[in-house]
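Some notes on the structure that comes next.
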There are 2 protein chains.
Amino acid sequence: MDPDEFRRHGYALIDWVADYLANSDRYPVLSRVAPGDVRNALPASAPEHGEPFEQILEDFERIIVPGLTHWNHPGFLAYFAITASAPGVLAELLSAALNQQAMLWRTSPAATELEEVALGWLRRLLGLPDAFEGVIYDTASIATLHALTAAREVLVPDVRRAGLAGRPEVGRLRVYASEHAHSSIDKAVILLGLGHDALRHIASDHEFRMRADALQSAITEDRSAGIRPVAVVGTIGTTSTTSVDPIRDIAGVCEREGLWLHVDAAYAGVTAMIPECRARFEGWERADSIVVNPHKWLFTPFDLSAFYCRRMDVVRAAFTLVPEFLRTAEGERGVRNLMDTGIQLGRRFRSLKLWMILRHFGAERLRQTLAGHMLLARQFAAWVDADPDFERLAPAPFSVVCFRARPRNVSLAHAQLDRLNEALLTAVNSSGEVFLSHTRVNDVIALRLAIGHLRTTEQHVARAWQLLREHADQLVRSI
Amino acid sequence: MDPDEFRRHGYALIDWVADYLANSDRYPVLSRVAPGDVRNALPASAPEHGEPFEQILEDFERIIVPGLTHWNHPGFLAYFAITASAPGVLAELLSAALNQQAMLWRTSPAATELEEVALGWLRRLLGLPDAFEGVIYDTASIATLHALTAAREVLVPDVRRAGLAGRPEVGRLRVYASEHAHSSIDKAVILLGLGHDALRHIASDHEFRMRADALQSAITEDRSAGIRPVAVVGTIGTTSTTSVDPIRDIAGVCEREGLWLHVDAAYAGVTAMIPECRARFEGWERADSIVVNPHKWLFTPFDLSAFYCRRMDVVRAAFTLVPEFLRTAEGERGVRNLMDTGIQLGRRFRSLKLWMILRHFGAERLRQTLAGHMLLARQFAAWVDADPDFERLAPAPFSVVCFRARPRNVSLAHAQLDRLNEALLTAVNSSGEVFLSHTRVNDVIALRLAIGHLRTTEQHVARAWQLLREHADQLVRSI
């Protein structure tokens, strides 16, 4: 593609994206295609001869776009709502063209050092001490995997060389997390060879927060059964209800017991930059490692997960491995090479978007936007609380509300109420205007409304509420 | 950023990228900054108030660009040379704006099904049977990690639940790879809890190919010592010399011994689309899993690693884990959810760029471009071979040449020759016109010239050769 052609298609795509970022709500938020529709619209083989880019873009509009669920839509209120903001999208354009591989300092001094700078900026915004060294991974799944690898490295002598198998002295190992912790912890213990049984879920209180006393009892019980505790994962903002584990108390247990404390703040961590939210983070500065995902609630296009660690030397001890073809003079002189802190050798230039986003928005606007989302969630929670046909199922400390319809004038059994709420979710989502997800809270189906998109306003939340009430009415009338 | 502002900055960046893609050779390919230069040019904290995007872009030009090593430069001849091609860059712009998360089919039917289609197209181009199901990971490191996880899942009963520790019946485990295999295999066995000692490096022949007889002996020896073989990794295109392990013979060993065979074709796999290269791939269709990286030699901006597996059910058995909040009706009806085949829950919309690249270039031009790169490498190898002051250190089956200066008129000891070649590399790289890397072959320092950039022509390779000869002359004269 010559420069003129690139310019022509590039301008056209910039126009498309400009319109998309401003008007993504023109599309149904949840895709309406059926399984197979996209696949069946495409040929089985690549073309033998190159095709005009116009034609590719036509097919993009005709075949791909209808198959999109619009995560970048202000009516996206499911899972954790995210945003690819304009400066982030532009940064990704540059990042793709530059195609940096910051495995070694010399293979991208800029990406290596900008990662340190941008993570330093974020760390200070979050109020974390400088003792936390940062590194960017793709996802929180990978960040948590590295945290637990480091914990294993500390506890099991010589595990890097000798592994876990065939070593009776290693014994049975245990990792602790709340029963509401994220599935990435399950996957990490499986991958690390600890086995799924090594993850012990700790009971939570009535607000879905891990009970530190139950944690302590579990550890004591395990130790006396000859099981060796490795690490505790505390969560600030669990996935179902965004509950906050008592990190200060958990840190106390970990310090007494000599365990690695990893804090999963993938979703809610960014709110540490708001003074009024800081209390929820009390004690996280005592963690060994923390994960915070700018690609969740900091308007950063996926992927960018920030991993902070007070003991990055342990992560390095677990992973550093320098084949001859990657030896450099700078490496010998102690310059930081990012490949030493991770399982992946190649790494994209992700810090560019974080740096541009922090500069474009500035700290004040970021704090205001997050606070605004939390305000919207409180407003929605208040509507639910005030409506006798709905009930809230969990506190809403951040920007997620868990609730369900519970019509006062009909008496429904447990399973019927679940079915009603599932039907309500399907009905509301089929509107195309909003997309909510669900979870299970205290063994009942809960609807989840999550606010996190930059352009989500009171109007979208009010419309979601209107749709919920209308469809709930209709469903009750049809019973 | 309002749409007009986005358009204005977007056009400016498209202009910048258009110019960059056409004229990246205006920059010194290897960055000339010193450690700390980029970091020290930036403030220690994020701004409190948002800044104009113009100012951010000015700093990008002034501070970041000098710190780039230009991987997208036609004089980049180091490691494996890669390209972010124009259609790939434009696809990444779209992908960033759409911010798809194809963890579930419903959260992006398009990304889920386009991944299947694009990987199907690539699989057919490579001549692999349809029995290989594909999935896209970020890197070959992660692909190989999944392959070895699956192998462990097959061999160790109940490993997912019970892990490896404290189970005497598991015994000691072993993975085999050539002494020239990639460090990602080392990292994978460490992570999986097998331990680094579990990786047994198999001797290679004079052309750096794993010896299948040595593999068989090692397995037999291990079995009789009570060690349990898990998997073999064969490489088509090793990182140092791009040697090709005898996959057919290795597959024979694996079938006899009942071992998982993973083929690392991250770099060279794409050449399977060229009929004349097909012989090097004989037997790879008998592998259990294969990794091929379009982000290496298929003009795809990083990251996109294609993992093909004949036993994806085992990968699923190792990883599938569906928390309540991710249950969907489609999932219950057997629609494929990509989160089930991986450690990472979130995943970018990577198939878009592969699809656009395959269509933009077409199979014929891709084959021609790869063949052209291999022709350039053969040409360079012929120059080296014909020059009495240089010597080649390995066969060059693909697009990488390993060689060194060995001046005929001076007698230099082993260590002196190494130092001469290190000085030669530094001198040539400091020209800014080309960037070569090094490795160690038969215990001597080898220079590595790798061709893989779309715009690398005979002119760049000839210039590299001219610089090498000139600087070698100067260095010899100064001895």
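If you're wondering about the labels, chains in the structure tokens are A, B, ... by order shown, residues count from 1 in each chain, ligands from 1 in order shown.
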
Contact residues around B:Ser204 with only C-alpha atoms at 9 Å, ignoring same-chain residues under 6 positions, as a list in words: Ser178, Glu179, His180, Met210, Arg211, Ala212, Ala214 and Asp245 of chain B

Writing out the chosen residues with C-alpha atoms as an mmCIF file, in the first residue's frame:
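selection09.cif, written as the output of this step:
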data_model
loop_
_atom_site.group_PDB
_atom_site.id
_atom_site.type_symbol
_atom_site.label_atom_id
_atom_site.label_comp_id
_atom_site.auth_asym_id
_atom_site.auth_seq_id
_atom_site.Cartn_x
_atom_site.Cartn_y
_atom_site.Cartn_z
ATOM 1 C CA SER B 178 16.828 -29.707 20.993
ATOM 2 C CA GLU B 179 19.713 -27.854 22.564
ATOM 3 C CA HIS B 180 18.788 -25.052 20.137
ATOM 4 C CA MET B 210 17.848 -32.496 16.811
ATOM 5 C CA ARG B 211 19.063 -36.076 16.490
ATOM 6 C CA ALA B 212 16.040 -38.367 16.576
ATOM 7 C CA ALA B 214 19.562 -39.229 20.573
ATOM 8 C CA ASP B 245 14.517 -30.633 13.407
#

Distance query A:Ile142 at most 9 Å, only C-alpha atoms, self and fewer than 6 positions along chain excluded, as a PyMOL selection string: (chain A and resi 184+188+305+343) or (chain B and resi 343-344)

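The nearest approach to B:Asp186 among the residues B:Ala272, B:Leu326, B:Ser141, B:Arg172, with only C-alpha atoms taken into account, belongs to B:Ser141.
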
Show which residues sit within 9 Å of B:Pro323, as a short mmCIF file (atom, residue, chain, number, x, y, z; two decimals) with C-alpha atoms, in the first residue's frame. Count only C-alpha atoms, and ignore same-chain residues fewer than 6 positions away.
data_model
loop_
_atom_site.label_atom_id
_atom_site.label_comp_id
_atom_site.auth_asym_id
_atom_site.auth_seq_id
_atom_site.Cartn_x
_atom_site.Cartn_y
_atom_site.Cartn_z
CA HIS A 182 -11.94 -14.30 40.31
CA SER A 183 -11.59 -17.48 38.24
CA THR A 439 -24.50 -13.37 38.43
#

For stretch 417-420 of chain B: contacts at 10 Å, only C-alpha atoms, fewer than 2 positions along chain excluded, given as a ChimeraX atom specification: /B:404-407,411-415,422-426,440,443-446,472,475-476,479

Closest of B:Ser31, B:Asn99, B:Ser85, B:Gln474 to B:Ile63 - atom-to-atom distances counting only C-alpha atoms: B:Ser31

Shell of 8 Å around B:Arg32, only C-alpha atoms, local chain residues under 4 positions omitted, as an MDAnalysis selection string: chainID B and resid 28 66:67

How would the residues just chosen look if you wrote them out with C-alpha atoms as an mmCIF file, in the first residue's frame?
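Generated file (result_34.cif):
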data_model
loop_
_atom_site.group_PDB
_atom_site.id
_atom_site.type_symbol
_atom_site.label_atom_id
_atom_site.label_comp_id
_atom_site.auth_asym_id
_atom_site.auth_seq_id
_atom_site.Cartn_x
_atom_site.Cartn_y
_atom_site.Cartn_z
ATOM 1 C CA PRO B 28 18.747 5.280 12.771
ATOM 2 C CA PRO B 66 14.505 9.103 19.513
ATOM 3 C CA GLY B 67 14.153 6.265 22.010
#

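Across the structure, atom CA of A:Cys309 and atom CA of B:Ala140 are spaced 25.4 Å apart.
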